[in-house]
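Peer 1: Handing over model_6.txt, compact mmCIF, C-alpha atoms and all ligand atoms.
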# COMPACT_ATOMS: atom_id res chain seq x y z
CA MET A 1 8.93 1.95 15.09
CA ASN A 2 11.59 3.96 16.82
CA LYS A 3 10.63 6.91 18.98
CA LYS A 4 12.90 9.30 17.17
CA SER A 5 11.07 8.71 13.88
CA LEU A 6 7.68 9.09 15.56
CA ASN A 7 8.66 12.41 17.12
CA LYS A 8 10.12 13.64 13.85
CA ARG A 9 6.91 12.76 12.01
CA ARG A 10 4.75 14.56 14.56
CA GLU A 11 7.03 17.59 14.38
CA LYS A 12 6.75 17.69 10.56
CA LEU A 13 2.99 17.34 10.85
CA LEU A 14 2.86 20.24 13.30
CA ASN A 15 4.93 22.39 10.94
CA GLN A 16 2.24 21.99 8.29
CA MET A 17 -0.45 23.24 10.63
CA LYS A 18 -1.38 26.77 11.66
CA ASP A 19 -2.06 27.95 15.18
CA ASN A 20 -5.45 26.91 16.58
CA GLU A 21 -5.72 23.96 14.26
CA ILE A 22 -6.31 20.41 15.49
CA ILE A 23 -5.67 17.10 13.85
CA ILE A 24 -7.58 14.02 15.00
CA LEU A 25 -6.57 10.58 13.76
CA TYR A 26 -8.78 7.59 14.52
CA ALA A 27 -7.42 4.07 14.79
CA ASN A 28 -9.44 1.37 13.06
CA SER A 29 -12.08 -0.41 15.08
CA GLN A 30 -11.87 -3.93 16.38
CA PRO A 31 -13.73 -5.91 13.74
CA THR A 32 -16.30 -8.51 14.66
CA TYR A 33 -15.73 -12.13 13.64
CA PRO A 34 -13.34 -13.19 12.03
CA ARG A 35 -11.53 -10.51 14.02
CA TYR A 36 -8.77 -9.83 11.54
CA PHE A 37 -7.53 -6.44 12.72
CA LEU A 38 -5.48 -4.15 10.50
CA GLN A 39 -4.55 -0.73 11.82
CA ASP A 40 -5.29 2.58 10.11
CA ASN A 41 -1.91 3.44 8.63
CA ASN A 42 -2.10 7.16 9.34
CA PHE A 43 -2.79 6.52 12.99
CA LEU A 44 0.03 3.96 13.07
CA TYR A 45 2.46 6.28 11.28
CA PHE A 46 2.19 8.99 13.94
CA THR A 47 1.73 6.87 17.07
CA GLY A 48 3.32 3.45 16.48
CA LEU A 49 0.30 1.99 18.29
CA ASN A 50 -1.24 -1.14 16.83
CA ILE A 51 -4.38 -1.21 18.98
CA PRO A 52 -7.99 -0.78 17.87
CA ASP A 53 -10.35 2.10 18.65
CA ALA A 54 -7.73 4.59 19.86
CA ILE A 55 -7.67 8.28 18.90
CA PHE A 56 -4.69 10.63 18.45
CA VAL A 57 -5.25 14.36 18.88
CA MET A 58 -2.73 17.13 18.30
CA LYS A 59 -3.36 20.86 18.57
CA ARG A 60 -1.07 23.67 17.58
CA SER A 61 -1.12 26.82 19.69
CA ASN A 62 1.55 29.53 19.71
CA GLY A 63 3.65 27.33 17.43
CA LYS A 64 3.74 24.53 19.98
CA ALA A 65 2.17 21.10 19.97
CA GLN A 66 -0.22 19.83 22.56
CA PHE A 67 -1.07 16.18 22.08
CA VAL A 68 -2.83 13.26 23.63
CA VAL A 69 -3.75 9.72 22.67
CA PHE A 70 -6.98 8.14 23.88
CA ILE A 71 -7.05 4.38 24.40
CA GLU A 72 -9.62 1.81 25.53
CA ARG A 73 -9.95 1.27 29.27
CA GLY A 74 -9.51 -2.36 30.26
CA ILE A 75 -12.53 -3.94 31.93
CA PRO A 76 -11.41 -6.68 34.36
CA GLU A 77 -14.51 -8.86 33.69
CA MET A 78 -13.70 -8.91 29.94
CA GLU A 79 -10.09 -9.97 30.34
CA VAL A 80 -10.89 -13.67 30.26
CA TRP A 81 -12.50 -13.17 26.82
CA GLU A 82 -10.30 -10.57 25.19
CA GLY A 83 -7.07 -10.59 27.14
CA LYS A 84 -5.56 -7.55 28.78
CA LYS A 85 -5.86 -4.14 27.12
CA MET A 86 -2.78 -2.02 26.65
CA THR A 87 -2.14 0.14 29.71
CA LYS A 88 -1.52 3.90 29.67
CA GLU A 89 2.12 3.29 30.56
CA GLU A 90 2.61 0.83 27.70
CA ALA A 91 0.91 3.14 25.21
CA SER A 92 3.02 6.05 26.38
CA ASN A 93 6.18 4.00 26.15
CA ILE A 94 5.55 2.80 22.58
CA SER A 95 4.31 6.11 21.20
CA ASP A 96 6.54 8.44 23.25
CA ILE A 97 3.40 10.49 23.91
CA LYS A 98 3.31 11.62 27.53
CA THR A 99 -0.42 12.25 27.86
CA VAL A 100 -2.49 9.11 27.46
CA SER A 101 -6.15 9.16 28.44
CA PHE A 102 -9.00 6.68 28.31
CA LEU A 103 -11.63 6.92 25.59
CA ASP A 104 -14.40 7.60 28.10
CA GLU A 105 -12.62 10.90 28.86
CA PHE A 106 -12.66 11.92 25.17
CA ASP A 107 -15.67 14.30 25.17
CA ARG A 108 -14.62 16.06 28.33
CA LYS A 109 -11.00 16.53 27.27
CA MET A 110 -11.87 17.50 23.70
CA GLN A 111 -13.91 20.37 25.13
CA ILE A 112 -10.58 21.93 26.14
CA TYR A 113 -8.97 21.27 22.75
CA LEU A 114 -11.93 22.55 20.72
CA THR A 115 -12.32 25.79 22.64
CA GLY A 116 -10.69 28.47 20.52
CA ALA A 117 -9.93 26.05 17.68
CA GLU A 118 -10.54 27.20 14.12
CA LYS A 119 -9.99 24.11 12.06
CA CYS A 120 -10.16 20.41 12.64
CA TYR A 121 -8.37 17.94 10.34
CA VAL A 122 -9.76 14.41 10.48
CA ASN A 123 -8.72 11.23 8.68
CA SER A 124 -11.18 9.44 6.41
CA LEU A 125 -13.45 12.41 5.93
CA GLY A 126 -13.80 11.71 2.20
CA GLY A 127 -17.43 11.54 1.06
CA ASN A 128 -19.32 8.57 -0.32
CA LEU A 129 -23.09 8.78 -0.01
CA ALA A 130 -23.36 5.01 -0.34
CA ASN A 131 -21.57 4.50 2.99
CA PRO A 132 -22.90 5.02 6.50
CA LEU A 133 -21.32 7.84 8.52
CA ASN A 134 -18.08 6.82 10.24
CA LYS A 135 -16.92 7.87 13.71
CA GLN A 136 -14.93 10.73 12.22
CA LYS A 137 -17.92 12.27 10.47
CA ILE A 138 -20.17 11.84 13.49
CA PHE A 139 -17.56 13.62 15.61
CA ILE A 140 -17.32 16.52 13.14
CA GLN A 141 -21.11 16.86 13.02
CA LYS A 142 -21.25 17.09 16.80
CA ALA A 143 -18.26 19.43 17.06
CA LYS A 144 -19.84 21.81 14.55
CA GLU A 145 -23.13 21.83 16.46
CA HIS A 146 -21.34 22.89 19.63
CA PHE A 147 -18.59 25.03 18.07
CA PRO A 148 -20.10 26.51 14.88
CA ARG A 149 -16.92 28.44 14.05
CA ILE A 150 -14.90 25.28 13.48
CA ALA A 151 -14.08 24.26 9.92
CA ALA A 152 -13.38 20.63 9.04
CA ASP A 153 -10.86 19.33 6.53
CA GLU A 154 -9.34 16.06 5.34
CA ALA A 155 -6.14 15.21 7.22
CA MET A 156 -4.64 13.52 4.15
CA LYS A 157 -3.77 16.96 2.81
CA LEU A 158 -1.19 17.29 5.58
CA ILE A 159 -0.18 13.66 5.72
CA THR A 160 0.34 12.76 2.05
CA PRO A 161 3.53 14.76 1.49
CA LEU A 162 5.02 13.31 4.68
CA ARG A 163 4.16 9.67 4.03
CA ALA A 164 5.27 9.85 0.38
CA VAL A 165 8.92 10.37 1.37
CA LYS A 166 10.26 7.26 3.11
CA ASP A 167 13.08 7.48 5.64
CA LYS A 168 15.89 4.89 5.96
CA ASP A 169 13.98 2.92 8.55
CA GLU A 170 10.96 2.64 6.26
CA ILE A 171 13.08 1.63 3.24
CA LYS A 172 14.59 -1.17 5.34
CA GLN A 173 11.15 -2.50 6.19
CA LEU A 174 9.97 -2.26 2.60
CA GLN A 175 13.08 -4.14 1.47
CA LYS A 176 12.34 -6.83 4.04
CA ALA A 177 8.74 -7.14 2.75
CA ILE A 178 10.08 -7.46 -0.80
CA ASP A 179 12.68 -10.07 0.18
CA ILE A 180 10.02 -12.16 1.91
CA THR A 181 7.82 -11.89 -1.18
CA ALA A 182 10.79 -13.05 -3.27
CA ILE A 183 11.00 -16.25 -1.22
CA GLY A 184 7.30 -16.87 -1.82
CA ILE A 185 7.57 -16.28 -5.58
CA GLU A 186 10.62 -18.54 -5.87
CA SER A 187 8.87 -21.29 -3.94
CA ILE A 188 5.77 -20.98 -6.15
CA ARG A 189 7.86 -21.25 -9.32
CA ALA A 190 9.68 -24.30 -7.95
CA GLN A 191 6.48 -26.14 -7.07
CA ALA A 192 3.94 -25.02 -9.69
CA LYS A 193 2.71 -27.77 -12.01
CA ALA A 194 -0.06 -28.03 -14.58
CA GLY A 195 -3.19 -29.48 -12.97
CA MET A 196 -2.72 -27.63 -9.67
CA MET A 197 -5.33 -25.14 -8.54
CA GLU A 198 -4.32 -21.49 -8.42
CA TYR A 199 -5.19 -21.41 -4.72
CA GLU A 200 -2.56 -24.05 -4.06
CA LEU A 201 0.03 -21.53 -5.23
CA GLU A 202 -1.64 -18.97 -2.95
CA ALA A 203 -1.11 -21.40 -0.05
CA ILE A 204 2.61 -21.66 -0.88
CA LEU A 205 2.95 -17.88 -0.91
CA LYS A 206 1.16 -17.44 2.41
CA TYR A 207 3.10 -20.28 4.03
CA GLU A 208 6.45 -18.82 3.00
CA ALA A 209 5.39 -15.32 4.06
CA ASN A 210 4.25 -16.45 7.50
CA ARG A 211 7.32 -18.64 7.92
CA ASN A 212 9.56 -15.69 7.13
CA ASN A 213 8.19 -13.09 9.52
CA SER A 214 5.35 -11.57 7.54
CA LYS A 215 2.05 -11.76 9.39
CA HIS A 216 -0.20 -10.86 6.48
CA MET A 217 -0.34 -10.07 2.78
CA SER A 218 -0.14 -6.51 1.43
CA PHE A 219 -3.38 -7.22 -0.48
CA HIS A 220 -5.30 -10.25 -1.64
CA PRO A 221 -2.89 -12.07 -3.97
CA ILE A 222 -3.66 -12.33 -7.67
CA ILE A 223 -2.70 -15.78 -8.97
CA ALA A 224 -4.01 -15.92 -12.50
CA SER A 225 -3.38 -18.67 -15.02
CA GLY A 226 -4.21 -18.60 -18.72
CA VAL A 227 -7.12 -16.35 -19.65
CA ASN A 228 -7.59 -15.27 -16.00
CA ALA A 229 -4.43 -13.17 -16.33
CA ALA A 230 -6.31 -10.90 -18.73
CA THR A 231 -8.71 -9.92 -15.91
CA LEU A 232 -6.79 -7.16 -14.18
CA HIS A 233 -8.16 -7.60 -10.67
CA TYR A 234 -8.78 -11.35 -10.84
CA HIS A 235 -8.74 -12.56 -7.27
CA GLN A 236 -10.78 -15.77 -7.13
CA ASN A 237 -7.66 -17.93 -7.62
CA HIS A 238 -9.92 -20.95 -8.16
CA SER A 239 -9.00 -22.27 -11.62
CA LYS A 240 -7.03 -25.33 -12.56
CA ILE A 241 -3.72 -24.46 -14.23
CA GLY A 242 -3.49 -25.68 -17.82
CA ALA A 243 -0.41 -27.35 -19.33
CA ASN A 244 0.57 -24.44 -21.57
CA ASP A 245 -0.58 -21.63 -19.32
CA LEU A 246 1.34 -18.62 -18.27
CA VAL A 247 0.81 -17.86 -14.59
CA LEU A 248 0.66 -14.22 -13.58
CA LEU A 249 1.45 -13.48 -9.93
CA ASP A 250 0.67 -10.03 -8.53
CA VAL A 251 1.49 -10.51 -4.88
CA GLY A 252 3.10 -8.92 -1.85
CA ALA A 253 3.86 -9.76 1.74
CA ALA A 254 3.64 -7.02 4.36
CA PHE A 255 6.36 -6.56 6.97
CA ASN A 256 5.60 -4.31 9.95
CA SER A 257 2.78 -2.82 7.86
CA TYR A 258 5.10 -2.05 4.91
CA CYS A 259 3.83 -3.55 1.66
CA ALA A 260 5.66 -5.26 -1.17
CA ASP A 261 3.85 -5.35 -4.52
CA ILE A 262 5.49 -7.55 -7.14
CA SER A 263 4.26 -9.06 -10.40
CA ARG A 264 5.96 -11.90 -12.19
CA THR A 265 4.69 -14.04 -15.08
CA PHE A 266 6.08 -17.49 -15.89
CA PRO A 267 5.21 -20.56 -18.00
CA VAL A 268 4.03 -23.37 -15.74
CA SER A 269 5.56 -25.93 -18.13
CA GLY A 270 8.99 -24.33 -17.76
CA LYS A 271 8.98 -23.34 -21.41
CA PHE A 272 7.41 -20.31 -23.13
CA THR A 273 5.62 -20.89 -26.45
CA ASN A 274 6.98 -18.67 -29.22
CA ARG A 275 4.01 -16.36 -29.00
CA GLN A 276 4.18 -16.15 -25.19
CA LYS A 277 7.88 -15.40 -25.46
CA ALA A 278 7.25 -12.64 -28.00
CA VAL A 279 4.68 -10.94 -25.75
CA TYR A 280 6.79 -11.45 -22.63
CA SER A 281 9.90 -9.96 -24.24
CA GLU A 282 8.00 -6.83 -25.22
CA VAL A 283 6.66 -6.29 -21.69
CA LEU A 284 10.08 -6.95 -20.18
CA ALA A 285 11.68 -4.38 -22.47
CA VAL A 286 9.11 -1.77 -21.42
CA ASN A 287 9.56 -2.65 -17.74
CA LYS A 288 13.32 -2.06 -18.05
CA ALA A 289 13.04 1.10 -20.17
CA ILE A 290 10.62 2.75 -17.74
CA ILE A 291 12.71 1.78 -14.68
CA GLU A 292 15.72 3.41 -16.37
CA MET A 293 13.76 6.67 -16.59
CA VAL A 294 13.04 6.89 -12.87
CA LYS A 295 14.81 9.83 -11.23
CA PRO A 296 13.95 12.94 -9.23
CA GLY A 297 11.98 15.44 -11.28
CA ILE A 298 10.03 13.05 -13.49
CA THR A 299 6.30 12.52 -12.79
CA MET A 300 4.24 9.32 -12.69
CA LEU A 301 2.15 10.77 -15.51
CA GLU A 302 5.24 11.17 -17.70
CA LEU A 303 6.28 7.58 -16.96
CA ASN A 304 2.85 6.37 -17.96
CA LYS A 305 2.85 8.42 -21.16
CA LYS A 306 6.14 6.82 -22.19
CA THR A 307 4.76 3.38 -21.27
CA VAL A 308 1.76 3.90 -23.53
CA ASP A 309 4.08 4.97 -26.31
CA LEU A 310 6.35 1.92 -25.97
CA ILE A 311 3.49 -0.56 -25.54
CA SER A 312 1.68 0.84 -28.59
CA ASP A 313 4.75 0.14 -30.73
CA ALA A 314 5.02 -3.34 -29.22
CA LEU A 315 1.36 -4.07 -29.98
CA ILE A 316 1.92 -3.13 -33.62
CA ARG A 317 4.94 -5.47 -33.77
CA LEU A 318 2.81 -8.22 -32.20
CA LYS A 319 0.21 -7.57 -34.95
CA LEU A 320 -2.50 -6.84 -32.41
CA ILE A 321 -3.26 -3.28 -33.53
CA LYS A 322 -2.56 -1.18 -36.61
CA ASP A 323 -3.17 2.25 -35.14
CA LYS A 324 -1.24 3.31 -32.01
CA LYS A 325 -4.32 4.88 -30.48
CA ASP A 326 -5.93 1.42 -30.07
CA TYR A 327 -3.37 0.43 -27.43
CA PHE A 328 -5.99 0.53 -24.64
CA LYS A 329 -7.52 -2.73 -25.93
CA TYR A 330 -4.46 -4.54 -24.55
CA TYR A 331 -3.08 -2.17 -21.88
CA MET A 332 -5.72 -0.63 -19.64
CA HIS A 333 -4.12 0.43 -16.37
CA SER A 334 -1.38 2.91 -15.58
CA VAL A 335 2.27 2.05 -15.14
CA GLY A 336 2.51 2.33 -11.39
CA HIS A 337 1.70 3.90 -8.07
CA HIS A 338 3.42 4.93 -4.85
CA LEU A 339 4.17 2.13 -2.42
CA GLY A 340 4.58 2.12 1.36
CA MET A 341 2.34 1.29 4.30
CA ASP A 342 -0.45 1.07 1.77
CA ALA A 343 0.06 -1.02 -1.37
CA HIS A 344 -1.42 1.95 -3.20
CA ASP A 345 0.35 4.50 -1.07
CA PHE A 346 -0.11 8.24 -0.84
CA GLY A 347 2.03 10.26 -3.19
CA PRO A 348 1.72 12.68 -6.09
CA ARG A 349 0.97 11.50 -9.63
CA ASP A 350 1.33 14.85 -11.34
CA LYS A 351 4.18 16.35 -9.27
CA PRO A 352 7.88 15.51 -9.71
CA LEU A 353 9.21 12.44 -7.95
CA GLU A 354 11.61 13.12 -5.07
CA PRO A 355 14.35 11.07 -3.41
CA GLY A 356 12.69 8.77 -0.89
CA HIS A 357 9.58 8.15 -2.97
CA VAL A 358 8.97 4.48 -3.72
CA ILE A 359 6.92 3.55 -6.76
CA THR A 360 5.97 0.46 -8.72
CA VAL A 361 6.73 0.04 -12.41
CA GLU A 362 4.30 -2.49 -13.83
CA PRO A 363 3.64 -2.50 -17.56
CA GLY A 364 1.50 -5.31 -18.97
CA ILE A 365 -0.11 -6.66 -22.11
CA TYR A 366 -3.39 -8.58 -21.88
CA ILE A 367 -4.71 -10.64 -24.81
CA ALA A 368 -7.81 -12.50 -23.60
CA LYS A 369 -8.50 -14.17 -26.97
CA GLU A 370 -5.03 -15.77 -26.85
CA LYS A 371 -5.25 -16.61 -23.12
CA ILE A 372 -2.14 -14.52 -22.50
CA GLY A 373 -1.69 -11.93 -19.78
CA VAL A 374 1.77 -10.63 -18.88
CA ARG A 375 2.63 -8.10 -16.19
CA ILE A 376 6.11 -7.51 -14.78
CA GLU A 377 6.22 -5.27 -11.73
CA ASP A 378 9.18 -4.03 -9.74
CA ASP A 379 9.39 -1.79 -6.66
CA ILE A 380 11.62 1.21 -7.27
CA LEU A 381 13.15 3.65 -4.80
CA VAL A 382 13.84 7.14 -6.14
CA THR A 383 17.37 8.18 -5.11
CA LYS A 384 19.24 11.49 -5.39
CA THR A 385 20.88 10.43 -8.63
CA GLY A 386 18.25 8.10 -10.11
CA TYR A 387 16.77 4.93 -8.74
CA LYS A 388 17.36 1.69 -6.90
CA ASN A 389 15.40 -1.38 -7.93
CA LEU A 390 14.44 -2.96 -4.60
CA SER A 391 13.13 -6.12 -6.31
CA ASN A 392 16.12 -6.57 -8.57
CA ASN A 393 16.81 -10.02 -7.14
CA ILE A 394 13.53 -11.56 -8.23
CA PRO A 395 14.17 -13.26 -11.59
CA LYS A 396 12.40 -11.92 -14.65
CA GLU A 397 14.76 -12.85 -17.53
CA ILE A 398 13.39 -15.54 -19.87
CA ASN A 399 16.42 -17.78 -19.25
CA ASP A 400 15.80 -17.72 -15.51
CA LEU A 401 12.09 -18.48 -15.87
CA GLU A 402 12.57 -21.47 -18.17
CA LYS A 403 13.69 -24.74 -16.67
MN MN B 501 1.03 -2.71 -8.11
Give the structure from this file in structure tokens form.

Peer 2:
Amino acid sequence: MNKKSLNKRREKLLNQMKDNEIIILYANSQPTYPRYFLQDNNFLYFTGLNIPDAIFVMKRSNGKAQFVVFIERGIPEMEVWEGKKMTKEEASNISDIKTVSFLDEFDRKMQIYLTGAEKCYVNSLGGNLANPLNKQKIFIQKAKEHFPRIAADEAMKLITPLRAVKDKDEIKQLQKAIDITAIGIESIRAQAKAGMMEYELEAILKYEANRNNSKHMSFHPIIASGVNAATLHYHQNHSKIGANDLVLLDVGAAFNSYCADISRTFPVSGKFTNRQKAVYSEVLAVNKAIIEMVKPGITMLELNKKTVDLISDALIRLKLIKDKKDYFKYYMHSVGHHLGMDAHDFGPRDKPLEPGHVITVEPGIYIAKEKIGVRIEDDILVTKTGYKNLSNNIPKEINDLEK
């Protein structure tokens, strides 16, 4: 991440805050075995630091920002096990934050920040009684005991509008993630054969992603053949692919924490049956019609309403329903979501889309009794005049999918 972007983001964040307000963003913790660390995207977005257990704090007073990032202190005896920790100088250099302190100084230094503060925004404050308290909530509890005047609020309120609008740098990284995913999908289509296990196709995707500069997936890939494609969040990927099956891929590689999210559906035999072709054509027509509608001013809710309308008509043509209101038996999700550092990124559903928003358009029809599930998903950038389909190069026309 370049320093200019990081500073711009922090400045925009500050502009959303009032005097005597603090925002505290926690990095994710180092997980125990198998030690697969993924950073908290809000922390990453404002600091550029991909290290566990750090904390970013920014306070606004007299219109000015005061900020610090706390990092783990390296313990020489642990180095042989864990390697070297990032130093203060390195952290400062990456984040362009001048004040870097060690975590063991957190309580003492926060005393200074909290004195006179009125409100404290924290990430991941959202409530779920089924979960244990996280570090954020424990901090707020303690802060309120010592400083009863302080109110607490969810930081996402301030962050969502910022993260929803992607800058040029972010679009580039998203495009890269999509292009890597395209290589994976192409390779899967070239190698898929009846009799293979779905997880073999998963292996091809992950191999191509890793080979092409993506360290991890955006989310656990869905590789669903036959009837499995009618289970929306099928993730086991453990069935044998049948000779006449359609294979539904809902997959994405991540690049520098930016997530692609693409769905394609193809016949493993290289030839659609008539019925599969009929269903596929209807979904493809909806996919294209909805993409055409994307422009500043329209809302995700409006796009979904139109999708329901178009799919209902299609379902009648396919003789699956007689009454339009029964559409939900074959189309149960909504047409898309914002996309960015999170595969389901932060962005408004009920407010107008703006240039710089990136959304998915992913209509589908799912007919379990016919072992057919079709979803076609593209990643769409909202531009000043309309849209740009970032996944335009990934084949979805019937001619291109048949061999
Ligand atoms: Mn999606």

Peer 1: Dig up all the protein and nucleic acid residues within 6 Å of (-9.1, 24.3, 11.4) in the file frame, using only C-alpha atoms, and format them as a PyMOL selection string.

Peer 2: chain A and resi 21+118-120+151

Peer 1: Measuring atom to atom with all atoms listed in the file, identify which of A:Ala65, A:Val247, A:Leu353, A:Ile367 is nearest to A:Leu301.

Peer 2: A:Leu353

Peer 1: Would you list the contacts of A:Lys388 as a PyMOL selection string, taking every protein, DNA or RNA residue within 10 Å and counting all atoms listed in the file, but skipping same-chain residues closer than 2 positions in sequence?

Peer 2: chain A and resi 291-292+294-295+358+379-383+385-386+390-392

Peer 1: Counting all atoms listed in the file, figure out which residue out of A:Ala117, A:Asp40, A:Gly48, A:Lys59 gets nearest to A:Ser92.

Peer 2: A:Gly48

Peer 1: Quick one: everything within 10 Å of stretch 350-352 of chain A, counting only C-alpha atoms, minus sequence neighbours fewer than 4 positions away in the same chain. Send it as a ChimeraX atom specification.

Peer 2: /A:295-302

Peer 1: Kindly provide the residues of chain A that approach ligand MN 501 (chain B) to within 10 Å, each paired with its closest atom pair and their distance in Å to one decimal, based on all atoms listed in the file, listed by chain and increasing number, as a tab-separated table.

Peer 2:
residue	atom	partner	partner_atom	distance
A:Phe219	CA	B:MN501	MN	9.9
A:Asp250	CA	B:MN501	MN	7.3
A:Val251	CA	B:MN501	MN	8.5
A:Gly252	CA	B:MN501	MN	9.1
A:Ala260	CA	B:MN501	MN	8.7
A:Asp261	CA	B:MN501	MN	5.3
A:Ile262	CA	B:MN501	MN	6.7
A:Ser263	CA	B:MN501	MN	7.5
A:Ser334	CA	B:MN501	MN	9.7
A:Val335	CA	B:MN501	MN	8.6
A:Gly336	CA	B:MN501	MN	6.2
A:His337	CA	B:MN501	MN	6.6
A:His338	CA	B:MN501	MN	8.6
A:Leu339	CA	B:MN501	MN	8.1
A:Ala343	CA	B:MN501	MN	7.0
A:His344	CA	B:MN501	MN	7.2
A:Ile359	CA	B:MN501	MN	8.7
A:Thr360	CA	B:MN501	MN	5.9
A:Val361	CA	B:MN501	MN	7.7
A:Glu362	CA	B:MN501	MN	6.6
A:Pro363	CA	B:MN501	MN	9.8
A:Arg375	CA	B:MN501	MN	9.8
A:Ile376	CA	B:MN501	MN	9.7
A:Glu377	CA	B:MN501	MN	6.8
A:Asp378	CA	B:MN501	MN	8.4
A:Asp379	CA	B:MN501	MN	8.5

Peer 1: Find, counting all atoms listed in the file, the residue in A:Val122, A:Ile365, A:Ile222, A:Leu318 that gets nearest to A:Ala152.

Peer 2: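 Ranked by minimum distance to A:Ala152, first place goes to A:Val122.
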
Peer 1: As an exercise, work out the distance from atom CA of A:Arg149 to atom CA of A:Ile55 in Å and give it to one decimal place.

Peer 2: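 Atom CA of A:Ile55 lies 22.7 Å from atom CA of A:Arg149.
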
Peer 1: Give me, please, the distance in Å between atom CA of A:Lys324 and atom CA of A:Ser312, quoted to one decimal.

Peer 2: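 Atom-to-atom, atom CA of A:Lys324 and atom CA of A:Ser312 are spaced 5.1 Å apart.
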
Peer 1: For A:Asn287, which residue out of A:Leu174, A:Leu303, A:Met58, A:Ile180 is the nearest one, using all atoms listed in the file?

Peer 2: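 Looking only at the distances to A:Asn287, the closest residue turns out to be A:Leu303.
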
Peer 1: Which of these residues is nearest to A:Ile94, using all atoms listed in the file: A:Arg211, A:Lys3, A:Arg349, A:Lys176?

Peer 2: A:Lys3

Peer 1: Select, from A:Val165, A:Gln16, A:Ser239, A:Asn256, the residue with the minimum atom-to-atom distance to A:Leu49, counting all atoms listed in the file.

Peer 2: A:Asn256

Peer 1: With only C-alpha atoms as the counted atoms, please give the residues lying no more than 7 Å from stretch 240-242 of chain A, apart from itself and same-chain residues fewer than 2 positions off, as a list in words.

Peer 2: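 These residues fall inside the cut-off: Ala194, Gly195, Met196, Met197, Glu198, Ser225, His238, Asn244 and Asp245 of chain A.
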
Peer 1: Can you spit out the residues from that selection as an mmCIF file, in the coordinates of the input, using C-alpha atoms?

Peer 2:
data_model
loop_
_atom_site.group_PDB
_atom_site.id
_atom_site.type_symbol
_atom_site.label_atom_id
_atom_site.label_comp_id
_atom_site.auth_asym_id
_atom_site.auth_seq_id
_atom_site.Cartn_x
_atom_site.Cartn_y
_atom_site.Cartn_z
ATOM 1 C CA ALA A 194 -0.060 -28.030 -14.580
ATOM 2 C CA GLY A 195 -3.190 -29.480 -12.970
ATOM 3 C CA MET A 196 -2.720 -27.630 -9.670
ATOM 4 C CA MET A 197 -5.330 -25.140 -8.540
ATOM 5 C CA GLU A 198 -4.320 -21.490 -8.420
ATOM 6 C CA SER A 225 -3.380 -18.670 -15.020
ATOM 7 C CA HIS A 238 -9.920 -20.950 -8.160
ATOM 8 C CA ASN A 244 0.570 -24.440 -21.570
ATOM 9 C CA ASP A 245 -0.580 -21.630 -19.320
#

Peer 1: Please identify all polymer residues within 9 Å of A:Phe147, counting all atoms listed in the file, omitting same-chain residues fewer than 6 positions from it, and present them as number ranges by chain.

Peer 2: A: 114-117

Peer 1: Next, the residues of the selection above should be written as a PDB file, keeping the file's coordinate frame with C-alpha atoms.

Peer 2:
ATOM      1  CA  LEU A 114     -11.930  22.550  20.720  1.00  0.00           C
ATOM      2  CA  THR A 115     -12.320  25.790  22.640  1.00  0.00           C
ATOM      3  CA  GLY A 116     -10.690  28.470  20.520  1.00  0.00           C
ATOM      4  CA  ALA A 117      -9.930  26.050  17.680  1.00  0.00           C
TER       5      ALA A 117
END

Peer 1: Any idea what the distance is between atom CA of A:Asn7 and atom CA of A:Tyr45?

Peer 2: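 Taking atom CA of A:Asn7 as the start and atom CA of A:Tyr45 as the end point, the length is 10.5 Å.
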